[in-house]
file run_39.cif (mmCIF, C-alpha atoms and all ligand atoms)
data_query
#
loop_
_atom_site.label_atom_id
_atom_site.label_comp_id
_atom_site.auth_asym_id
_atom_site.auth_seq_id
_atom_site.Cartn_x
_atom_site.Cartn_y
_atom_site.Cartn_z
CA MET A 1 94.72 130.97 70.91
CA LYS A 2 91.84 129.76 68.75
CA THR A 3 90.77 126.16 68.94
CA ALA A 4 90.14 124.46 65.61
CA ALA A 5 88.00 121.38 64.95
CA VAL A 6 89.69 117.98 65.18
CA ARG A 7 91.42 116.92 61.94
CA GLY A 8 88.97 115.11 59.66
CA PHE A 9 85.94 116.47 61.56
CA ARG A 10 83.95 119.16 59.74
CA ASP A 11 81.43 121.80 60.56
CA ILE A 12 78.45 121.90 58.26
CA LEU A 13 77.63 125.56 57.94
CA PRO A 14 74.17 126.95 57.18
CA GLU A 15 74.79 127.33 53.45
CA GLU A 16 75.47 123.60 53.23
CA SER A 17 73.01 122.43 55.86
CA ALA A 18 70.06 123.61 53.74
CA LEU A 19 71.15 121.11 51.11
CA TRP A 20 71.57 118.42 53.76
CA GLN A 21 68.03 119.00 54.99
CA MET A 22 66.77 118.53 51.46
CA LEU A 23 68.72 115.26 51.11
CA VAL A 24 67.47 113.86 54.36
CA THR A 25 63.88 114.88 53.66
CA GLN A 26 64.05 113.26 50.23
CA ALA A 27 65.48 110.06 51.74
CA ARG A 28 62.63 109.92 54.24
CA THR A 29 60.09 110.44 51.46
CA SER A 30 61.64 107.94 49.03
CA PHE A 31 62.11 105.28 51.70
CA ALA A 32 58.61 105.70 53.12
CA ALA A 33 57.22 104.91 49.68
CA TYR A 34 58.84 101.47 50.00
CA GLY A 35 57.55 100.87 53.53
CA PHE A 36 60.75 101.61 55.48
CA SER A 37 60.74 102.96 59.04
CA GLU A 38 63.53 104.88 60.70
CA ILE A 39 65.61 103.31 63.45
CA ILE A 40 67.75 105.53 65.64
CA VAL A 41 70.62 103.64 67.23
CA PRO A 42 73.42 104.84 69.54
CA ILE A 43 76.64 106.29 68.24
CA LEU A 44 78.66 104.33 70.81
CA GLU A 45 78.72 100.55 71.02
CA LYS A 46 80.79 97.88 72.71
CA THR A 47 83.94 97.37 70.63
CA ASP A 48 83.28 93.68 70.39
CA LEU A 49 80.17 94.30 68.23
CA PHE A 50 82.19 95.82 65.39
CA ALA A 51 85.02 93.31 65.71
CA ARG A 52 82.48 90.51 65.27
CA ALA A 53 80.30 92.15 62.64
CA ILE A 54 82.88 93.75 60.39
CA GLY A 55 85.69 91.22 60.79
CA GLU A 56 88.96 91.36 62.69
CA THR A 57 91.04 91.50 59.52
CA THR A 58 89.38 94.49 57.90
CA ASP A 59 91.05 97.90 57.63
CA ILE A 60 88.23 99.40 59.66
CA VAL A 61 88.67 97.14 62.68
CA GLU A 62 92.43 96.90 62.44
CA LYS A 63 93.29 100.54 62.18
CA GLU A 64 90.41 102.94 61.74
CA MET A 65 88.16 102.67 64.76
CA TYR A 66 87.94 105.26 67.51
CA THR A 67 88.17 102.86 70.42
CA PHE A 68 88.72 103.84 74.04
CA PRO A 69 88.22 102.41 77.51
CA ASP A 70 85.18 103.57 79.44
CA ARG A 71 85.71 104.55 83.07
CA ASP A 72 85.00 100.95 84.10
CA GLU A 73 87.66 99.79 81.61
CA SER A 74 85.16 98.22 79.19
CA SER A 75 86.10 98.96 75.59
CA LEU A 76 83.82 101.27 73.62
CA THR A 77 83.92 102.32 69.97
CA LEU A 78 82.39 105.19 68.04
CA ARG A 79 80.45 103.41 65.33
CA PRO A 80 82.33 103.18 62.01
CA GLU A 81 79.17 102.07 60.17
CA GLY A 82 75.49 101.53 60.85
CA THR A 83 74.62 97.95 59.95
CA ALA A 84 76.19 96.32 63.01
CA SER A 85 74.19 98.55 65.37
CA VAL A 86 70.95 98.01 63.46
CA ILE A 87 71.38 94.23 63.65
CA ARG A 88 72.35 94.42 67.31
CA ALA A 89 69.11 96.31 67.98
CA TYR A 90 67.13 93.94 65.74
CA ILE A 91 68.31 90.97 67.80
CA GLU A 92 68.13 92.71 71.17
CA HIS A 93 64.50 93.72 70.65
CA SER A 94 63.51 90.50 68.83
CA LEU A 95 62.12 92.49 65.92
CA HIS A 96 61.94 89.27 63.89
CA GLN A 97 59.19 88.06 66.23
CA LYS A 98 57.15 91.17 65.58
CA GLU A 99 57.24 91.10 61.80
CA PRO A 100 58.50 88.63 59.19
CA VAL A 101 60.31 91.31 57.24
CA SER A 102 61.83 94.43 58.77
CA LYS A 103 62.63 97.37 56.52
CA LEU A 104 64.71 99.88 58.46
CA PHE A 105 66.64 102.99 57.61
CA TYR A 106 69.02 105.20 59.59
CA ILE A 107 70.69 108.55 59.18
CA GLY A 108 73.64 109.75 61.17
CA PRO A 109 77.37 110.23 61.76
CA MET A 110 80.00 107.49 61.45
CA PHE A 111 83.63 107.62 62.56
CA ARG A 112 86.69 106.15 60.88
CA ARG A 113 90.24 107.25 61.43
CA GLU A 114 91.19 107.30 57.75
CA ARG A 115 93.59 109.73 56.10
CA PRO A 116 91.45 112.81 55.50
CA GLN A 117 91.18 114.14 51.96
CA LYS A 118 88.50 115.59 49.71
CA GLY A 119 85.39 113.47 50.20
CA ARG A 120 86.99 111.47 52.99
CA TYR A 121 86.58 112.51 56.59
CA ARG A 122 87.00 111.00 60.01
CA GLN A 123 83.46 111.92 60.94
CA PHE A 124 81.14 111.48 58.00
CA HIS A 125 77.45 110.77 57.64
CA GLN A 126 75.52 107.95 56.13
CA ILE A 127 71.96 107.38 55.06
CA GLY A 128 71.52 103.64 55.16
CA ALA A 129 68.76 101.06 54.79
CA GLU A 130 68.43 97.38 55.62
CA ILE A 131 65.88 94.68 54.79
CA LEU A 132 65.97 91.78 57.24
CA GLY A 133 64.02 88.56 56.99
CA ARG A 134 64.03 87.50 53.36
CA ASP A 135 66.64 86.31 50.91
CA ASP A 136 64.80 86.15 47.60
CA PRO A 137 65.99 88.15 44.57
CA LEU A 138 62.86 90.26 44.64
CA ILE A 139 64.00 91.80 47.91
CA ASP A 140 67.43 92.66 46.47
CA ALA A 141 65.78 94.22 43.43
CA GLU A 142 63.34 96.14 45.57
CA LEU A 143 66.11 97.64 47.71
CA LEU A 144 68.09 98.60 44.62
CA LEU A 145 65.03 100.12 42.99
CA MET A 146 64.44 102.24 46.05
CA LEU A 147 68.03 103.40 45.93
CA HIS A 148 67.68 104.19 42.25
CA ASP A 149 64.42 106.10 42.81
CA PHE A 150 66.10 108.16 45.54
CA PHE A 151 68.88 109.24 43.19
CA VAL A 152 66.39 110.00 40.42
CA ALA A 153 64.35 112.15 42.83
CA LEU A 154 67.56 114.09 43.51
CA GLN A 155 68.01 114.57 39.76
CA LEU A 156 71.18 112.51 39.80
CA GLU A 157 71.83 110.06 37.00
CA VAL A 158 73.76 107.12 38.31
CA THR A 159 74.80 103.67 37.27
CA LEU A 160 74.70 100.77 39.67
CA ASP A 161 77.74 98.50 39.61
CA ILE A 162 76.69 95.07 40.76
CA ASN A 163 78.33 91.74 41.33
CA SER A 164 77.65 88.51 43.14
CA LEU A 165 80.05 87.50 45.87
CA GLY A 166 78.72 83.95 46.04
CA CYS A 167 77.96 82.16 49.27
CA PRO A 168 79.72 79.87 51.77
CA THR A 169 79.23 77.02 49.29
CA CYS A 170 80.92 78.56 46.26
CA ARG A 171 83.14 81.33 47.61
CA PRO A 172 85.79 79.24 49.42
CA GLY A 173 86.71 77.48 46.16
CA TYR A 174 86.99 80.82 44.41
CA ARG A 175 89.11 82.27 47.21
CA GLU A 176 91.56 79.45 46.75
CA GLN A 177 91.67 79.99 42.98
CA LEU A 178 92.31 83.67 43.51
CA ARG A 179 94.95 83.02 46.15
CA ALA A 180 96.77 80.68 43.78
CA PHE A 181 96.50 83.27 41.01
CA GLY A 182 97.86 85.96 43.37
CA GLU A 183 100.80 83.74 44.36
CA SER A 184 101.70 83.46 40.68
CA LYS A 185 101.81 87.29 40.40
CA LEU A 186 103.46 87.95 43.74
CA ALA A 187 106.31 90.03 42.36
CA ALA A 188 103.92 92.50 40.71
CA LEU A 189 101.69 93.00 43.77
CA CYS A 190 102.02 95.75 46.38
CA GLU A 191 102.75 95.08 50.03
CA ASP A 192 99.13 95.51 51.07
CA CYS A 193 98.13 92.91 48.52
CA HIS A 194 100.74 90.51 49.89
CA SER A 195 99.00 90.57 53.21
CA ARG A 196 95.54 90.49 51.59
CA LEU A 197 96.56 87.37 49.75
CA ASN A 198 96.46 85.27 52.87
CA ARG A 199 93.83 87.00 54.85
CA ASN A 200 91.22 88.09 52.33
CA PRO A 201 92.29 87.35 48.74
CA LEU A 202 89.08 88.85 47.29
CA ARG A 203 90.45 92.24 48.26
CA LEU A 204 93.18 91.81 45.60
CA LEU A 205 90.49 92.81 43.13
CA ASP A 206 89.81 96.20 44.62
CA CYS A 207 93.38 97.40 45.09
CA LYS A 208 93.59 100.82 43.45
CA LYS A 209 97.29 100.65 42.54
CA ASP A 210 98.02 100.47 38.81
CA GLY A 211 100.58 97.67 39.12
CA CYS A 212 98.17 95.48 41.06
CA ARG A 213 95.30 96.25 38.70
CA GLN A 214 97.39 95.19 35.73
CA ALA A 215 98.64 92.09 37.49
CA THR A 216 95.11 91.00 38.36
CA ALA A 217 93.49 91.97 35.06
CA GLN A 218 93.31 88.31 34.04
CA ALA A 219 92.29 87.03 37.47
CA PRO A 220 89.57 84.39 37.49
CA ALA A 221 86.10 85.93 37.85
CA LEU A 222 83.84 84.99 40.71
CA ALA A 223 80.89 84.88 38.33
CA ASP A 224 82.41 81.78 36.71
CA SER A 225 82.58 80.00 40.07
CA LEU A 226 79.09 80.71 41.37
CA CYS A 227 77.02 77.72 42.45
CA ASP A 228 73.68 77.25 40.70
CA PRO A 229 71.50 78.86 43.37
CA CYS A 230 73.80 81.93 43.49
CA ARG A 231 73.82 82.18 39.72
CA THR A 232 70.03 81.97 39.50
CA HIS A 233 69.68 84.57 42.24
CA PHE A 234 72.05 86.97 40.50
CA THR A 235 70.36 86.57 37.12
CA SER A 236 66.96 87.16 38.62
CA VAL A 237 68.05 90.38 40.38
CA GLN A 238 69.47 91.70 37.12
CA GLU A 239 66.34 90.81 35.17
CA ARG A 240 64.08 92.68 37.55
CA LEU A 241 66.26 95.77 37.48
CA ARG A 242 66.55 95.78 33.70
CA GLN A 243 62.78 95.35 33.47
CA GLU A 244 62.47 98.61 35.42
CA GLN A 245 65.07 100.37 33.24
CA VAL A 246 67.61 100.72 36.04
CA ARG A 247 71.06 101.25 34.58
CA ILE A 248 73.27 98.47 35.87
CA VAL A 249 76.74 97.31 35.01
CA VAL A 250 78.00 93.92 36.13
CA ASN A 251 81.43 94.60 37.57
CA PRO A 252 83.32 91.37 38.30
CA ARG A 253 85.98 93.28 40.28
CA LEU A 254 83.48 94.67 42.72
CA VAL A 255 84.22 93.18 46.12
CA ARG A 256 83.34 94.87 49.35
CA GLY A 257 85.72 95.60 52.17
CA LEU A 258 83.59 94.04 54.85
CA ASP A 259 83.74 90.31 55.48
CA TYR A 260 80.05 89.74 55.91
CA TYR A 261 78.83 90.33 52.39
CA CYS A 262 77.52 87.49 50.20
CA ARG A 263 75.65 87.24 46.91
CA THR A 264 74.35 90.59 45.61
CA SER A 265 76.90 93.30 46.15
CA PHE A 266 76.74 96.79 44.68
CA GLU A 267 78.22 100.22 44.56
CA ILE A 268 77.35 103.56 43.02
CA LEU A 269 80.35 105.39 41.63
CA ALA A 270 79.99 108.98 40.53
CA GLU A 271 82.07 111.16 38.29
CA GLY A 272 83.30 114.46 39.61
CA LEU A 273 84.22 113.25 43.09
CA GLY A 274 87.91 112.66 42.42
CA SER A 275 89.51 109.57 43.89
CA GLN A 276 86.83 109.13 46.55
CA ASN A 277 84.20 108.36 43.96
CA ALA A 278 82.01 105.80 45.74
CA VAL A 279 78.83 107.46 46.85
CA CYS A 280 77.01 104.33 47.99
CA GLY A 281 77.87 100.75 48.76
CA GLY A 282 76.00 97.76 50.01
CA GLY A 283 75.05 94.17 49.62
CA ARG A 284 73.57 91.03 51.05
CA TYR A 285 74.84 89.68 54.37
CA ASP A 286 72.96 86.48 55.05
CA GLY A 287 75.12 85.13 57.87
CA LEU A 288 75.49 88.31 59.88
CA VAL A 289 72.45 88.14 62.16
CA GLU A 290 73.44 84.66 63.26
CA GLN A 291 77.07 85.68 63.66
CA LEU A 292 75.92 88.37 66.09
CA GLY A 293 74.01 85.89 68.22
CA GLY A 294 70.58 86.09 66.57
CA PRO A 295 68.60 83.55 64.58
CA ALA A 296 69.59 82.61 61.03
CA ILE A 297 67.90 85.52 59.32
CA PRO A 298 69.12 86.93 56.02
CA GLY A 299 69.60 90.61 55.29
CA ILE A 300 70.62 93.13 52.70
CA GLY A 301 71.42 96.82 52.97
CA PHE A 302 73.25 99.86 51.70
CA ALA A 303 74.86 103.02 52.99
CA ILE A 304 75.10 106.30 51.12
CA GLY A 305 77.80 108.82 52.03
CA VAL A 306 76.01 112.12 52.68
CA GLU A 307 79.10 114.33 52.19
CA ARG A 308 79.75 112.86 48.76
CA LEU A 309 76.09 113.02 47.81
CA ALA A 310 76.07 116.68 48.86
CA MET A 311 79.14 117.30 46.67
CA LEU A 312 77.31 115.85 43.66
CA ILE A 313 74.31 118.08 44.23
CA GLN A 314 76.48 121.13 44.83
CA ALA A 315 78.01 120.60 41.41
CA GLN A 316 74.54 121.17 39.94
CA ASN A 317 74.45 124.68 41.40
CA ARG A 318 70.92 124.32 42.63
CA ASP A 319 69.68 126.66 45.32
CA PHE A 320 68.25 125.20 48.52
CA ALA A 321 68.09 128.33 50.62
CA THR A 322 64.76 129.14 52.22
CA PRO A 323 64.58 132.93 52.06
CA PRO A 324 62.19 134.87 54.28
CA GLU A 325 58.76 135.52 52.87
CA VAL A 326 58.62 138.85 54.60
CA PHE A 327 61.37 141.15 55.72
CA ILE A 328 60.02 143.79 58.13
CA ALA A 329 61.81 147.10 57.97
CA PRO A 330 60.76 149.42 60.80
CA LEU A 331 61.81 153.07 60.72
CA GLY A 332 62.11 154.48 64.21
CA ALA A 333 61.71 153.16 67.74
CA ALA A 334 57.91 153.13 67.90
CA ALA A 335 57.68 151.31 64.58
CA GLU A 336 60.26 148.82 65.78
CA HIS A 337 58.06 148.08 68.74
CA GLN A 338 55.08 147.32 66.51
CA ALA A 339 57.19 145.44 63.98
CA PHE A 340 58.24 143.12 66.78
CA ALA A 341 54.60 142.19 67.41
CA VAL A 342 53.80 141.74 63.71
CA ALA A 343 56.85 139.52 63.22
CA ARG A 344 55.98 137.42 66.21
CA ARG A 345 52.42 136.83 64.99
CA LEU A 346 53.47 135.83 61.50
CA ARG A 347 56.25 133.58 62.74
CA SER A 348 54.05 131.76 65.20
CA SER A 349 51.83 130.84 62.27
CA GLY A 350 54.82 129.34 60.48
CA TYR A 351 55.71 132.12 58.03
CA ARG A 352 59.40 132.85 57.58
CA VAL A 353 59.95 136.42 58.72
CA GLU A 354 63.11 138.43 59.17
CA LEU A 355 63.01 141.48 61.38
CA GLU A 356 65.57 144.23 61.25
CA SER A 357 66.43 145.98 64.47
CA GLY A 358 69.03 148.48 65.53
CA GLY A 359 67.50 151.56 63.97
CA ARG A 360 69.22 151.34 60.61
CA GLY A 361 68.05 153.47 57.72
CA LEU A 362 65.81 152.23 54.93
CA LYS A 363 68.62 151.88 52.41
CA ALA A 364 70.69 149.63 54.64
CA GLN A 365 67.64 147.55 55.48
CA MET A 366 66.77 147.14 51.81
CA ARG A 367 70.27 145.96 51.04
CA ARG A 368 69.95 143.30 53.69
CA ALA A 369 66.49 142.23 52.46
CA ASP A 370 67.96 141.89 48.98
CA LYS A 371 70.84 139.81 50.25
CA LEU A 372 68.47 137.48 52.06
CA ALA A 373 66.34 137.25 48.89
CA ALA A 374 63.19 138.16 50.82
CA ARG A 375 60.07 138.04 48.69
CA HIS A 376 58.36 141.05 50.28
CA VAL A 377 59.55 143.88 52.50
CA LEU A 378 57.04 145.41 54.86
CA ILE A 379 58.16 148.97 55.53
CA LEU A 380 56.75 150.45 58.70
CA GLY A 381 57.31 154.20 59.14
CA GLU A 382 56.19 155.85 62.34
CA ASP A 383 53.79 158.41 60.93
CA GLU A 384 52.25 155.94 58.54
CA LEU A 385 51.91 153.33 61.21
CA ALA A 386 50.09 155.79 63.48
CA ALA A 387 47.55 156.01 60.66
CA GLY A 388 47.46 152.21 60.39
CA LYS A 389 49.42 152.16 57.13
CA GLY A 390 52.49 150.43 55.85
CA THR A 391 54.18 149.92 52.51
CA VAL A 392 54.99 146.62 50.87
CA ARG A 393 57.89 146.48 48.49
CA ASP A 394 57.63 143.61 46.07
CA MET A 395 61.25 142.53 45.73
CA GLN A 396 60.67 140.77 42.44
CA THR A 397 59.06 143.68 40.61
CA LYS A 398 60.78 146.32 42.78
CA THR A 399 57.52 148.22 43.19
CA ASP A 400 56.05 149.78 46.31
CA ARG A 401 52.44 149.16 47.23
CA PRO A 402 50.58 150.75 50.10
CA MET A 403 48.76 148.54 52.54
CA SER A 404 46.82 149.08 55.67
CA VAL A 405 48.35 147.35 58.65
CA ASP A 406 45.51 146.26 60.83
CA LEU A 407 47.19 144.60 63.76
CA SER A 408 43.92 143.08 64.82
CA LEU A 409 43.76 141.04 61.61
CA ALA A 410 44.01 137.29 61.99
CA THR A 411 47.45 136.10 60.88
CA PRO A 412 46.59 134.51 57.51
CA ASP A 413 44.71 137.69 56.63
CA LEU A 414 47.70 139.79 57.57
CA MET A 415 49.93 137.62 55.40
CA ASN A 416 47.45 137.83 52.54
CA ALA A 417 47.32 141.60 52.98
CA ILE A 418 51.12 141.71 52.58
CA ARG A 419 51.03 139.45 49.53
CA ASN A 420 48.19 141.37 47.89
CA ALA A 421 49.05 144.89 49.01
CA GLY A 422 47.96 147.58 46.59
CA ASN A 423 45.61 145.29 44.69
P1 LIG B 501 81.10 101.74 53.35
O1 LIG B 501 80.38 101.61 54.67
O2 LIG B 501 82.58 101.76 53.49
O3 LIG B 501 80.58 100.81 52.32
O4 LIG B 501 80.76 103.19 52.83
C1 LIG B 501 79.52 103.53 52.27
C2 LIG B 501 79.61 104.93 51.75
O5 LIG B 501 79.94 105.83 52.81
C3 LIG B 501 80.73 105.17 50.74
O6 LIG B 501 80.28 104.86 49.45
C4 LIG B 501 81.01 106.63 50.90
O7 LIG B 501 80.11 107.41 50.14
C5 LIG B 501 80.75 106.87 52.36
N1 LIG B 501 82.02 106.90 53.13
C6 LIG B 501 82.72 105.86 53.62
N2 LIG B 501 83.80 106.27 54.29
C7 LIG B 501 83.81 107.62 54.23
C8 LIG B 501 84.66 108.66 54.73
N3 LIG B 501 85.74 108.38 55.47
N4 LIG B 501 84.34 109.95 54.46
C9 LIG B 501 83.25 110.25 53.73
N5 LIG B 501 82.40 109.33 53.24
C10 LIG B 501 82.66 108.03 53.47
#

call {"tool": "encode", "arguments": {"input": "run_39.cif", "output": "structure tokens", "more": "lines below"}}
Ligand code: AMP
result
Amino acid sequence: MKTAAVRGFRDILPEESALWQMLVTQARTSFAAYGFSEIIVPILEKTDLFARAIGETTDIVEKEMYTFPDRDESSLTLRPEGTASVIRAYIEHSLHQKEPVSKLFYIGPMFRRERPQKGRYRQFHQIGAEILGRDDPLIDAELLLMLHDFFVALQLEVTLDINSLGCPTCRPGYREQLRAFGESKLAALCEDCHSRLNRNPLRLLDCKKDGCRQATAQAPALADSLCDPCRTHFTSVQERLRQEQVRIVVNPRLVRGLDYYCRTSFEILAEGLGSQNAVCGGGRYDGLVEQLGGPAIPGIGFAIGVERLAMLIQAQNRDFATPPEVFIAPLGAAAEHQAFAVARRLRSSGYRVELESGGRGLKAQMRRADKLAARHVLILGEDELAAGKGTVRDMQTKTDRPMSVDLSLATPDLMNAIRNAGN
């Protein structure tokens, strides 16, 4: 009997992993330009961390975490998101004492036991970034600009949905307004919204069900309840982004699932992803560091879903394969022996080389070289090789060019000889 992967857990096969490499490399490049450094945190944490950071009443903590007892009965959880771990590490290593502002990014798998569907998995990956230490609008704008630049570098046109979720001064009043509004529409709301109403009324706004959306269409907007400092902050973030021609849309229904968000909150939605259309989400979380036992230090961050980002790029039909520069086709056992040495020398200098073995004929080898999209094929026949000769087939022009194979040549010269054979 064959064993299949666990439901909701995927293999990323070579054809897709080339694209992933490109995404991750681009993230590292884009984020480095803004002064971010990578932090690598564990995949497993004490359960308590997520319960405290994400909030006991969230879907994630209530029903989606992979939680299990360790052998000493302490409760462990596979991380459902990255921010909690980053902040735990930030506090544990007193990073705030080392630098006034920390700009950190992470890349890695997350685990949530959601119902799997296209674009939604139980193990998925996020590229995330956090800025800890400052709460001024410039920081929010800078983080969003970096995010924008990353998408532009990937040739993806996106719009940023943004909203302000207020702060502990202005949000409680709004929550009450929204709760009262929800009570007045009770009959039209779904069961989930009934329970949201008491526990986290803001979530009424992001229910996806048509009935609930209609019922809350006239709900009071948080923007109208913001206190002056929150309003000024929000306006200033928008001004800076517009000044840099970032496409933003203020979306008053944008609330985030996690309890810790405040003020600037944002999401990138993309067409072509079906119902799971959020490719990135994030926001400011000024109380979180303190809530996790650290000093009162503000923060803001985002997380991009790598699977969904990869789907968007796949839709562009771009090619990220890295074909071999040289395919070596030996004809006969003695040639194979020499081909082995040539391949080794080129590879150890960093050239991508594919070597055929198994004594197949030239035709079969050529078919394989074609399939791999090799740029050059170096054909080594026994008689020719004895005379120090080989043939290079240029796979773009489909022409054969003789070359002398001097195995004593230094590697770059050998590579140049292959590239310039016949000239
Ligand atoms: P969140 O941490 O929920 O704000 O998610 C941030 C981003 O991660 C989302 O915008 C998605 O792109 C991605 N994401 C979240 N959950 C999943 C999942 N179950 N499967 C795939 N991607 C996900």

call {"tool": "residues_around", "arguments": {"input": "run_39.cif", "residues": "A:Phe340", "least_positions_apart": "6", "cutoff": "12 Å", "atoms": "only C-alpha atoms", "output": "list of chain:residue names"}}
result
A:Phe327, A:Ile328, A:Ala329, A:Pro330, A:Ala333, A:Ala334, A:Leu346, A:Arg347, A:Val353, A:Glu354, A:Leu355, A:Glu356, A:Ser357, A:Leu380, A:Leu407

call {"tool": "closest_residue", "arguments": {"input": "run_39.cif", "among": "A:Gly108, A:Pro298, A:Gly381, A:Gly388", "to": "ligand LIG 501 (chain B)", "atoms": "all atoms listed in the file"}}
result
A:Gly108

call {"tool": "residues_near_ligand", "arguments": {"input": "run_39.cif", "ligand": "ligand LIG 501 (chain B)", "cutoff": "9 Å", "atoms": "all atoms listed in the file", "output": "MDAnalysis selection string"}}
result
chainID A and resid 8 60 80:83 110:128 256:258 267:269 276:282 302:309

call {"tool": "residues_around", "arguments": {"input": "run_39.cif", "residues": "A:Pro42", "least_positions_apart": "5", "cutoff": "10 Å", "atoms": "all atoms listed in the file", "output": "PyMOL selection string"}}
result
chain A and resi 78-79+82+85-86+89+108

call {"tool": "closest_residue", "arguments": {"input": "run_39.cif", "among": "A:Ile87, A:Ile39, A:Ala386, A:Leu143", "to": "A:Gly287", "atoms": "all atoms listed in the file"}}
result
A:Ile87

call {"tool": "residues_around", "arguments": {"input": "run_39.cif", "residues": "A:Met146", "least_positions_apart": "6", "cutoff": "10 Å", "atoms": "all atoms listed in the file", "output": "CSV table (one decimal) with C-alpha atoms, keeping the file's coordinate frame"}}
result
chain,number,residue,atom,x,y,z
A,27,ALA,CA,65.5,110.1,51.7
A,30,SER,CA,61.6,107.9,49.0
A,31,PHE,CA,62.1,105.3,51.7
A,32,ALA,CA,58.6,105.7,53.1
A,33,ALA,CA,57.2,104.9,49.7
A,34,TYR,CA,58.8,101.5,50.0
A,129,ALA,CA,68.8,101.1,54.8
A,152,VAL,CA,66.4,110.0,40.4

call {"tool": "atom_distance", "arguments": {"input": "run_39.cif", "atom1": "atom CA of A:Leu13", "atom2": "atom CA of A:Ala374"}}
result
20.4 Å

call {"tool": "closest_residue", "arguments": {"input": "run_39.cif", "among": "A:Ile131, A:Ala321, A:Leu409, A:Ala341", "to": "A:Pro14", "atoms": "all atoms listed in the file"}}
result
A:Ala321

call {"tool": "residues_around", "arguments": {"input": "run_39.cif", "residues": "A:Ala51", "least_positions_apart": "6", "cutoff": "10 Å", "atoms": "only C-alpha atoms", "output": "list of chain:residue names"}}
result
A:Thr57, A:Thr58, A:Ile60, A:Val61, A:Glu62, A:Met65, A:Ala84
